[in-house]
Amino acid sequence: MKASNKLNLKTLGITIFILIVLNVLGSLFFHRFDLTKDKRYTLSPTSLQIVKQVKNPLSIKIYMQGELPADFRRLQLETKQLLEEFQAYNSNIVFEFVNPMENEDESMEVVKSLYQKGLTPINITVDDKGKQSQEMVFPWAVAVYNNKEVNIPLLKNIMGASTTQKVIGSIQHLEYSIADAINKITKDRQKKVAIIKGNGELSEIHIGKLLRQIKESYYIGPFTLDSVAKDPNGTLDALEKYDLAIISKPTEKFSDEEKQVLDQFIMNGGKTLWLVDQVAADMDSLYNQAGATLAYPRDLNLNDMFFKYGFRINPDLVKDENGSPIKLATGEQGSATQYQDFIWKFAPLVQPSSQHPIVKNLGGIKFDFASPIDTLKNGIKKTVLLQSSQYSKTIGTPSEINLNIVTEKTTPADYANKGNINLSVLLEGSFHSAFENRVLPFKESSFLAKGKPTKMIVVADGDIARNQLDKNMMPVELGYDQRTGNLYDNKDFMMNCVNYLLDDTGLINIRSKDVELPLLDKEKVYENYTTTQFITIGLPILILLVFGLVFTFIRKKKYSR
């Protein structure tokens with residue numbers, strides 16, 4: 001045998017041996033390589049833990065298939081690639097893309113059934129070189145596991161954003177949306193949330209959408225403090241079985257006994273979410289013939305308790321030039337009432353600037369008649385979550401609130417050094433009891449003067465969690481304003497607060513993940529459409545053609561001898 005043949009056989013043998021070794025190692029060790037700069041396809045540790053919970057087949061159906069606009073094709077591709085990552089770590093996860101409009105004869109029935117499931121489509125305007133057309137897209141997926149079903153929103157509705165900006169924001173939240181849905185459908189609910197009642201709090205129908213959202217992940221139940229008068233110790237024992245207490249817009253005074261129950265719940269490590277209006281004022285009272293109402297301080301008998309914990313909600317109103325839009329009747333034309341858009345300065349539209357996971361990457365959050373929060377030094381860690389804009393200030397109460405304020409003329413000088421007012425604060429640490437060194441309203445053998453480490457969130461507006469009602473008196477989506485058609489991020493903010501307080505911080509950290517998406521400048525593309533088309537399509541074909549001709553020429557020259 002020739003030496004060259006021996007060398008070739010030896011090389012072949014070594015190659016085969018290396019391939020066998022690599023295959024054996026590949027079967028023993030699992031690893032996926034993510035070469036993207038922002039590691040967008042690398043699942044977070046929280047997602048990997050959630051994937052491990054899937055013990056039985058989990059089916060995900062994505063309703064984004066067929067002829068889609070360019071932006072949604074990007075969202076479709078990113079969704080597919082991310083689901084492939086989930087599937088790579090657990091083969092029980094299967095998915096398919098479906099075109100709900102594929103069969104024209106059945107499309108209306110399919111659309112109707114999707115509507116009934118809560119999967120609402122969006123109509124978008126597609127601009128192709130100046131030619132505009134309308135397209136219906138269902139940016140939703142549905143996950144099914146053990147006969148349980150959950151909807152997965154794939155498109156994040158960012159108010160005032162273009163379709164491209166919405167898609168970018170949605171891709172940033174994609175891992176969170178999928179991981180959160182899988183977690184809801186596979187994980188048994190464990191922690192309990194108490195909705196405090198008995199002091200004029202918001203009725204269940206007005207926080208129905210929030211309750212429904214919480215119920216998907218936690219046990220939830222109303223908890224009335226009325227029994228405190230008869231059996232305060234029994235009420236406290238019952239409340240301590242819950243992990244979180246939500247106090248949503250109380251309007252009646254708390255008795256000292258009720259305060260002690262809440263105080264000792266906190267001292268024993270209970271989490272609290274305070275949604276408090278220190279001023280009595282609401283939009284409904286403005287819609288009268290005078291178009292005015294009186295805003296006055298509301299005494300809830302909680303000030304001493306809040307002061308001890310390290311904060312104070314002042315009985316003032318925040319007036320913000322960056323307010324939410326409002327529609328008001330301005331006259332009549334013929335038989336139709338004419339409406340005009342204005343900015344309502346007593347409904348601050350807050351754009352979160354904090355990098356805390358609770359608010360990072362959230363859109364605008366709508367407040368109604370909010371009050372300022374002062375923080376006090378007492379050793380408790382405080383994090384400001386939401387603030388008004390720099391062009392805001394406080395208005396003392398009592399004072400008249402009039403709809404005519406929408407025509408008021410102001411200048412930046414009117415708000416100099418007055419803005420960036422705290423509207424929501426997170427407090428973490430070991431609190432001192434509000435009844436420390438005081439005579440207790442009722443005897444309690446296990447009274448704690450200093451509490452266990454815990455967390456609370458304070459929002460100086462009770463209506464932040466309030467959903468509107470439609471004409472059938474049914475709750476609409478939390479954050480949706482029927483008068484203007486705008487959808488705010490109130491629901492996401494509230495759920496982030498609940499998740500953080502209940503220590504489900506992993507999912508929130510996924511939400512705050514940053515993804516960089518380089519996009520083409522459409523204006524430049526349209527200006528140089530022919531050149532761009534040649535560079536992206538024609539040039540690669542031309543290079544391939546030249547390479548083929550050169551390769552053929554070299555081969556002919558080599559073997560024609």
# chains A, B, ... in the order shown; residues from 1 in each chain; ligands from 1
$ residues_around --residues "region 202-212 of chain A" --least-positions-apart "4" --cutoff "8 Å" --atoms "only C-alpha atoms" --output "list in words"
Glu216, Ile220, Ser248, Lys249, Pro250, Ala465, Arg466, Asn467, Gln468, Leu469, Met474, Pro475, Val476, Glu477, Leu478, Lys491, Met494 and Met495 of chain A
$ write_last_selection --atoms "N, CA, C and O atoms" --output "mmCIF file, in the first residue's frame"
data_model
loop_
_atom_site.group_PDB
_atom_site.id
_atom_site.type_symbol
_atom_site.label_atom_id
_atom_site.label_comp_id
_atom_site.auth_asym_id
_atom_site.auth_seq_id
_atom_site.Cartn_x
_atom_site.Cartn_y
_atom_site.Cartn_z
ATOM 1 N N GLU A 216 -54.989 33.757 39.040
ATOM 2 C CA GLU A 216 -54.316 32.791 38.167
ATOM 3 C C GLU A 216 -53.060 32.217 38.817
ATOM 4 O O GLU A 216 -52.621 31.128 38.466
ATOM 5 N N ILE A 220 -56.868 33.611 46.667
ATOM 6 C CA ILE A 220 -57.318 34.967 46.958
ATOM 7 C C ILE A 220 -58.647 34.899 47.692
ATOM 8 O O ILE A 220 -59.476 34.024 47.443
ATOM 9 N N SER A 248 -57.319 48.505 49.255
ATOM 10 C CA SER A 248 -57.567 49.273 48.035
ATOM 11 C C SER A 248 -58.590 50.380 48.242
ATOM 12 O O SER A 248 -59.787 50.135 48.354
ATOM 13 N N LYS A 249 -58.117 51.572 48.360
ATOM 14 C CA LYS A 249 -58.907 52.806 48.457
ATOM 15 C C LYS A 249 -59.938 52.775 49.574
ATOM 16 O O LYS A 249 -61.147 52.883 49.337
ATOM 17 N N PRO A 250 -59.498 52.671 50.831
ATOM 18 C CA PRO A 250 -60.458 52.788 51.943
ATOM 19 C C PRO A 250 -60.992 54.214 52.015
ATOM 20 O O PRO A 250 -60.271 55.177 51.734
ATOM 21 N N ALA A 465 -55.807 50.798 40.700
ATOM 22 C CA ALA A 465 -56.192 49.397 40.512
ATOM 23 C C ALA A 465 -57.648 49.258 40.081
ATOM 24 O O ALA A 465 -58.165 48.148 39.961
ATOM 25 N N ARG A 466 -58.302 50.370 39.823
ATOM 26 C CA ARG A 466 -59.743 50.350 39.512
ATOM 27 C C ARG A 466 -59.962 50.201 38.013
ATOM 28 O O ARG A 466 -59.410 50.959 37.212
ATOM 29 N N ASN A 467 -60.769 49.214 37.615
ATOM 30 C CA ASN A 467 -61.144 49.068 36.208
ATOM 31 C C ASN A 467 -62.500 49.725 35.954
ATOM 32 O O ASN A 467 -63.354 49.793 36.844
ATOM 33 N N GLN A 468 -62.704 50.226 34.768
ATOM 34 C CA GLN A 468 -63.978 50.812 34.390
ATOM 35 C C GLN A 468 -64.984 49.702 34.077
ATOM 36 O O GLN A 468 -64.615 48.530 33.922
ATOM 37 N N LEU A 469 -66.257 50.064 33.979
ATOM 38 C CA LEU A 469 -67.328 49.122 33.659
ATOM 39 C C LEU A 469 -67.917 49.481 32.296
ATOM 40 O O LEU A 469 -68.055 50.670 31.963
ATOM 41 N N MET A 474 -70.085 45.404 33.218
ATOM 42 C CA MET A 474 -69.061 44.371 33.362
ATOM 43 C C MET A 474 -67.683 45.025 33.330
ATOM 44 O O MET A 474 -67.473 46.020 32.620
ATOM 45 N N PRO A 475 -66.708 44.480 34.088
ATOM 46 C CA PRO A 475 -65.374 45.095 34.131
ATOM 47 C C PRO A 475 -64.669 45.047 32.768
ATOM 48 O O PRO A 475 -64.742 44.037 32.066
ATOM 49 N N VAL A 476 -64.031 46.138 32.404
ATOM 50 C CA VAL A 476 -63.167 46.149 31.223
ATOM 51 C C VAL A 476 -61.718 46.006 31.701
ATOM 52 O O VAL A 476 -61.434 46.032 32.891
ATOM 53 N N GLU A 477 -60.807 45.837 30.772
ATOM 54 C CA GLU A 477 -59.405 45.591 31.109
ATOM 55 C C GLU A 477 -58.856 46.694 32.017
ATOM 56 O O GLU A 477 -59.096 47.882 31.801
ATOM 57 N N LEU A 478 -58.132 46.281 33.061
ATOM 58 C CA LEU A 478 -57.516 47.247 33.961
ATOM 59 C C LEU A 478 -56.503 48.089 33.191
ATOM 60 O O LEU A 478 -55.621 47.564 32.527
ATOM 61 N N LYS A 491 -52.220 47.447 34.884
ATOM 62 C CA LYS A 491 -52.326 46.037 35.262
ATOM 63 C C LYS A 491 -50.944 45.420 35.470
ATOM 64 O O LYS A 491 -50.718 44.718 36.469
ATOM 65 N N MET A 494 -49.445 46.669 38.742
ATOM 66 C CA MET A 494 -50.062 46.058 39.923
ATOM 67 C C MET A 494 -49.603 44.607 40.099
ATOM 68 O O MET A 494 -49.295 44.172 41.215
ATOM 69 N N MET A 495 -49.539 43.861 39.013
ATOM 70 C CA MET A 495 -49.122 42.459 39.110
ATOM 71 C C MET A 495 -47.644 42.354 39.481
ATOM 72 O O MET A 495 -47.244 41.451 40.226
#
$ residues_around --residues "Ser227 (chain A)" --least-positions-apart "3" --cutoff "12 Å" --atoms "only C-alpha atoms" --output "PDB file with C-alpha atoms, in the first residue's frame"
ATOM      1  CA  LYS A 197     -62.828  44.883  53.401  1.00  0.00           C
ATOM      2  CA  GLY A 198     -64.906  46.768  55.946  1.00  0.00           C
ATOM      3  CA  PHE A 223     -61.066  39.528  54.490  1.00  0.00           C
ATOM      4  CA  THR A 224     -63.437  41.722  56.503  1.00  0.00           C
ATOM      5  CA  LYS A 230     -65.927  41.139  68.785  1.00  0.00           C
ATOM      6  CA  ASP A 231     -62.799  38.996  68.507  1.00  0.00           C
ATOM      7  CA  PRO A 232     -59.616  40.958  67.636  1.00  0.00           C
ATOM      8  CA  ASN A 233     -57.208  38.119  68.491  1.00  0.00           C
ATOM      9  CA  GLY A 234     -59.209  35.659  66.402  1.00  0.00           C
ATOM     10  CA  THR A 235     -59.229  38.123  63.481  1.00  0.00           C
ATOM     11  CA  LEU A 236     -55.457  38.557  63.734  1.00  0.00           C
ATOM     12  CA  ASP A 237     -54.909  34.783  63.805  1.00  0.00           C
ATOM     13  CA  ALA A 238     -57.067  34.404  60.694  1.00  0.00           C
ATOM     14  CA  LEU A 239     -55.254  37.228  58.847  1.00  0.00           C
ATOM     15  CA  SER A 255     -60.419  51.928  64.447  1.00  0.00           C
ATOM     16  CA  GLU A 257     -58.231  47.809  67.070  1.00  0.00           C
ATOM     17  CA  GLU A 258     -58.279  47.348  63.277  1.00  0.00           C
ATOM     18  CA  VAL A 261     -54.504  43.830  63.662  1.00  0.00           C
TER      19      VAL A 261
END
$ closest_residue --among "A:Leu300, A:Met283, A:Ile171, A:Val142" --to "Tyr63 (chain A)" --atoms "only C-alpha atoms"
A:Val142
$ atom_distance --atom1 "CA of Phe97 (chain A)" --atom2 "CA of Ile50 (chain A)"
22.5 Å
$ select_by_dssp --residues "region 263-426 of chain A" --states "alpha helix (DSSP H)" --output "PyMOL selection string"
chain A and resi 263-267+303-309
$ write_last_selection --atoms "N, CA, C and O atoms" --output "CSV table (one decimal), in the first residue's frame"
chain,number,residue,atom,x,y,z
A,263,ASP,N,-51.2,46.1,61.9
A,263,ASP,CA,-49.9,46.4,62.4
A,263,ASP,C,-49.2,45.1,62.8
A,263,ASP,O,-48.0,44.8,62.4
A,264,GLN,N,-49.8,44.2,63.5
A,264,GLN,CA,-49.2,43.0,64.0
A,264,GLN,C,-49.1,42.0,62.8
A,264,GLN,O,-48.2,41.1,62.9
A,265,PHE,N,-50.0,42.0,61.9
A,265,PHE,CA,-49.8,41.2,60.6
A,265,PHE,C,-48.5,41.6,60.0
A,265,PHE,O,-47.7,40.7,59.5
A,266,ILE,N,-48.2,42.9,59.9
A,266,ILE,CA,-46.9,43.4,59.3
A,266,ILE,C,-45.8,43.0,60.2
A,266,ILE,O,-44.7,42.5,59.7
A,267,MET,N,-45.9,43.1,61.5
A,267,MET,CA,-44.8,42.8,62.4
A,267,MET,C,-44.4,41.3,62.3
A,267,MET,O,-43.3,40.9,62.5
A,303,ASN,N,-52.4,58.0,59.7
A,303,ASN,CA,-51.2,58.8,59.6
A,303,ASN,C,-50.2,58.5,60.6
A,303,ASN,O,-49.0,58.4,60.2
A,304,ASP,N,-50.5,58.2,61.9
A,304,ASP,CA,-49.5,57.8,62.9
A,304,ASP,C,-48.9,56.5,62.5
A,304,ASP,O,-47.7,56.3,62.7
A,305,MET,N,-49.6,55.6,62.0
A,305,MET,CA,-49.1,54.3,61.6
A,305,MET,C,-48.1,54.4,60.5
A,305,MET,O,-47.0,53.9,60.5
A,306,PHE,N,-48.5,55.2,59.4
A,306,PHE,CA,-47.6,55.4,58.3
A,306,PHE,C,-46.3,56.1,58.7
A,306,PHE,O,-45.2,55.8,58.3
A,307,PHE,N,-46.5,57.1,59.6
A,307,PHE,CA,-45.3,57.9,60.1
A,307,PHE,C,-44.3,56.9,60.8
A,307,PHE,O,-43.1,57.0,60.5
A,308,LYS,N,-44.8,56.0,61.6
A,308,LYS,CA,-43.9,55.1,62.3
A,308,LYS,C,-43.2,54.1,61.3
A,308,LYS,O,-42.0,53.8,61.5
A,309,TYR,N,-43.9,53.8,60.2
A,309,TYR,CA,-43.3,52.9,59.2
A,309,TYR,C,-42.2,53.6,58.3
A,309,TYR,O,-41.4,53.0,57.6
$ decode --residues "region 180-194 of chain A" --atoms "all heavy atoms" --output "JSON list (two decimals), in the first residue's frame"
[["chain", "number", "residue", "atom", "x", "y", "z"],
["A", 180, "ASP", "N", -44.13, 33.07, 32.19],
["A", 180, "ASP", "CA", -45.22, 33.36, 33.13],
["A", 180, "ASP", "C", -46.42, 32.46, 32.86],
["A", 180, "ASP", "O", -47.03, 31.92, 33.79],
["A", 180, "ASP", "CB", -45.62, 34.83, 33.01],
["A", 180, "ASP", "CG", -46.72, 35.21, 33.99],
["A", 180, "ASP", "OD1", -46.60, 34.85, 35.17],
["A", 180, "ASP", "OD2", -47.68, 35.88, 33.58],
["A", 181, "ALA", "N", -46.75, 32.26, 31.58],
["A", 181, "ALA", "CA", -47.89, 31.39, 31.23],
["A", 181, "ALA", "C", -47.63, 29.95, 31.63],
["A", 181, "ALA", "O", -48.50, 29.27, 32.19],
["A", 181, "ALA", "CB", -48.16, 31.49, 29.73],
["A", 182, "ILE", "N", -46.41, 29.45, 31.35],
["A", 182, "ILE", "CA", -46.07, 28.08, 31.72],
["A", 182, "ILE", "C", -46.10, 27.90, 33.23],
["A", 182, "ILE", "O", -46.57, 26.89, 33.75],
["A", 182, "ILE", "CB", -44.68, 27.69, 31.15],
["A", 182, "ILE", "CG1", -44.73, 27.68, 29.62],
["A", 182, "ILE", "CG2", -44.24, 26.32, 31.66],
["A", 182, "ILE", "CD1", -43.38, 27.43, 28.96],
["A", 183, "ASN", "N", -45.61, 28.92, 33.95],
["A", 183, "ASN", "CA", -45.61, 28.86, 35.41],
["A", 183, "ASN", "C", -47.04, 28.80, 35.96],
["A", 183, "ASN", "O", -47.33, 28.02, 36.87],
["A", 183, "ASN", "CB", -44.88, 30.08, 35.97],
["A", 183, "ASN", "CG", -44.65, 30.00, 37.46],
["A", 183, "ASN", "OD1", -44.13, 29.01, 37.97],
["A", 183, "ASN", "ND2", -45.05, 31.04, 38.18],
["A", 184, "LYS", "N", -47.93, 29.64, 35.41],
["A", 184, "LYS", "CA", -49.32, 29.66, 35.87],
["A", 184, "LYS", "C", -50.01, 28.32, 35.66],
["A", 184, "LYS", "O", -50.77, 27.86, 36.50],
["A", 184, "LYS", "CB", -50.10, 30.75, 35.13],
["A", 184, "LYS", "CG", -49.80, 32.16, 35.56],
["A", 184, "LYS", "CD", -50.56, 33.15, 34.71],
["A", 184, "LYS", "CE", -50.24, 34.59, 35.09],
["A", 184, "LYS", "NZ", -50.91, 35.56, 34.18],
["A", 185, "ILE", "N", -49.73, 27.70, 34.51],
["A", 185, "ILE", "CA", -50.49, 26.52, 34.13],
["A", 185, "ILE", "C", -49.93, 25.23, 34.74],
["A", 185, "ILE", "O", -50.61, 24.21, 34.82],
["A", 185, "ILE", "CB", -50.53, 26.41, 32.58],
["A", 185, "ILE", "CG1", -51.79, 25.68, 32.12],
["A", 185, "ILE", "CG2", -49.30, 25.76, 32.02],
["A", 185, "ILE", "CD1", -52.04, 25.76, 30.64],
["A", 186, "THR", "N", -48.68, 25.28, 35.20],
["A", 186, "THR", "CA", -48.05, 24.06, 35.73],
["A", 186, "THR", "C", -47.85, 24.08, 37.24],
["A", 186, "THR", "O", -47.78, 23.03, 37.88],
["A", 186, "THR", "CB", -46.68, 23.83, 35.07],
["A", 186, "THR", "OG1", -45.82, 24.96, 35.30],
["A", 186, "THR", "CG2", -46.82, 23.60, 33.58],
["A", 187, "LYS", "N", -47.77, 25.28, 37.82],
["A", 187, "LYS", "CA", -47.44, 25.39, 39.25],
["A", 187, "LYS", "C", -48.71, 25.44, 40.09],
["A", 187, "LYS", "O", -49.66, 26.14, 39.77],
["A", 187, "LYS", "CB", -46.62, 26.66, 39.50],
["A", 187, "LYS", "CG", -46.13, 26.83, 40.94],
["A", 187, "LYS", "CD", -45.34, 28.12, 41.07],
["A", 187, "LYS", "CE", -44.87, 28.35, 42.49],
["A", 187, "LYS", "NZ", -44.14, 29.62, 42.64],
["A", 188, "ASP", "N", -48.71, 24.67, 41.15],
["A", 188, "ASP", "CA", -49.84, 24.71, 42.09],
["A", 188, "ASP", "C", -49.79, 26.01, 42.90],
["A", 188, "ASP", "O", -48.72, 26.41, 43.37],
["A", 188, "ASP", "CB", -49.81, 23.51, 43.05],
["A", 188, "ASP", "CG", -50.05, 22.20, 42.33],
["A", 188, "ASP", "OD1", -50.78, 22.21, 41.32],
["A", 188, "ASP", "OD2", -49.50, 21.17, 42.78],
["A", 189, "ARG", "N", -50.94, 26.64, 43.04],
["A", 189, "ARG", "CA", -50.99, 27.87, 43.84],
["A", 189, "ARG", "C", -50.71, 27.56, 45.30],
["A", 189, "ARG", "O", -51.19, 26.56, 45.84],
["A", 189, "ARG", "CB", -52.37, 28.51, 43.70],
["A", 189, "ARG", "CG", -52.63, 29.12, 42.34],
["A", 189, "ARG", "CD", -54.04, 29.66, 42.24],
["A", 189, "ARG", "NE", -55.04, 28.61, 42.32],
["A", 189, "ARG", "CZ", -56.35, 28.83, 42.38],
["A", 189, "ARG", "NH1", -56.82, 30.05, 42.37],
["A", 189, "ARG", "NH2", -57.20, 27.81, 42.44],
["A", 190, "GLN", "N", -49.90, 28.40, 45.92],
["A", 190, "GLN", "CA", -49.52, 28.16, 47.31],
["A", 190, "GLN", "C", -49.79, 29.36, 48.20],
["A", 190, "GLN", "O", -50.39, 29.23, 49.26],
["A", 190, "GLN", "CB", -48.03, 27.78, 47.39],
["A", 190, "GLN", "CG", -47.71, 26.46, 46.69],
["A", 190, "GLN", "CD", -46.22, 26.17, 46.70],
["A", 190, "GLN", "OE1", -45.40, 27.08, 46.81],
["A", 190, "GLN", "NE2", -45.87, 24.91, 46.55],
["A", 191, "LYS", "N", -49.37, 30.55, 47.76],
["A", 191, "LYS", "CA", -49.48, 31.73, 48.62],
["A", 191, "LYS", "C", -50.87, 32.33, 48.55],
["A", 191, "LYS", "O", -51.59, 32.18, 47.56],
["A", 191, "LYS", "CB", -48.40, 32.74, 48.25],
["A", 191, "LYS", "CG", -47.01, 32.18, 48.50],
["A", 191, "LYS", "CD", -45.92, 33.18, 48.29],
["A", 191, "LYS", "CE", -44.56, 32.55, 48.62],
["A", 191, "LYS", "NZ", -43.45, 33.48, 48.42],
["A", 192, "LYS", "N", -51.24, 33.03, 49.65],
["A", 192, "LYS", "CA", -52.60, 33.55, 49.80],
["A", 192, "LYS", "C", -52.60, 35.07, 49.87],
["A", 192, "LYS", "O", -51.75, 35.67, 50.54],
["A", 192, "LYS", "CB", -53.24, 32.97, 51.05],
["A", 192, "LYS", "CG", -53.39, 31.45, 51.04],
["A", 192, "LYS", "CD", -54.01, 30.96, 52.34],
["A", 192, "LYS", "CE", -54.17, 29.45, 52.34],
["A", 192, "LYS", "NZ", -54.79, 28.96, 53.60],
["A", 193, "VAL", "N", -53.58, 35.68, 49.20],
["A", 193, "VAL", "CA", -53.73, 37.13, 49.17],
["A", 193, "VAL", "C", -55.07, 37.50, 49.79],
["A", 193, "VAL", "O", -56.12, 36.98, 49.39],
["A", 193, "VAL", "CB", -53.66, 37.66, 47.73],
["A", 193, "VAL", "CG1", -53.85, 39.19, 47.72],
["A", 193, "VAL", "CG2", -52.33, 37.28, 47.08],
["A", 194, "ALA", "N", -55.04, 38.40, 50.79],
["A", 194, "ALA", "CA", -56.26, 38.88, 51.44],
["A", 194, "ALA", "C", -56.64, 40.24, 50.88],
["A", 194, "ALA", "O", -55.81, 41.15, 50.81],
["A", 194, "ALA", "CB", -56.05, 38.97, 52.95]]
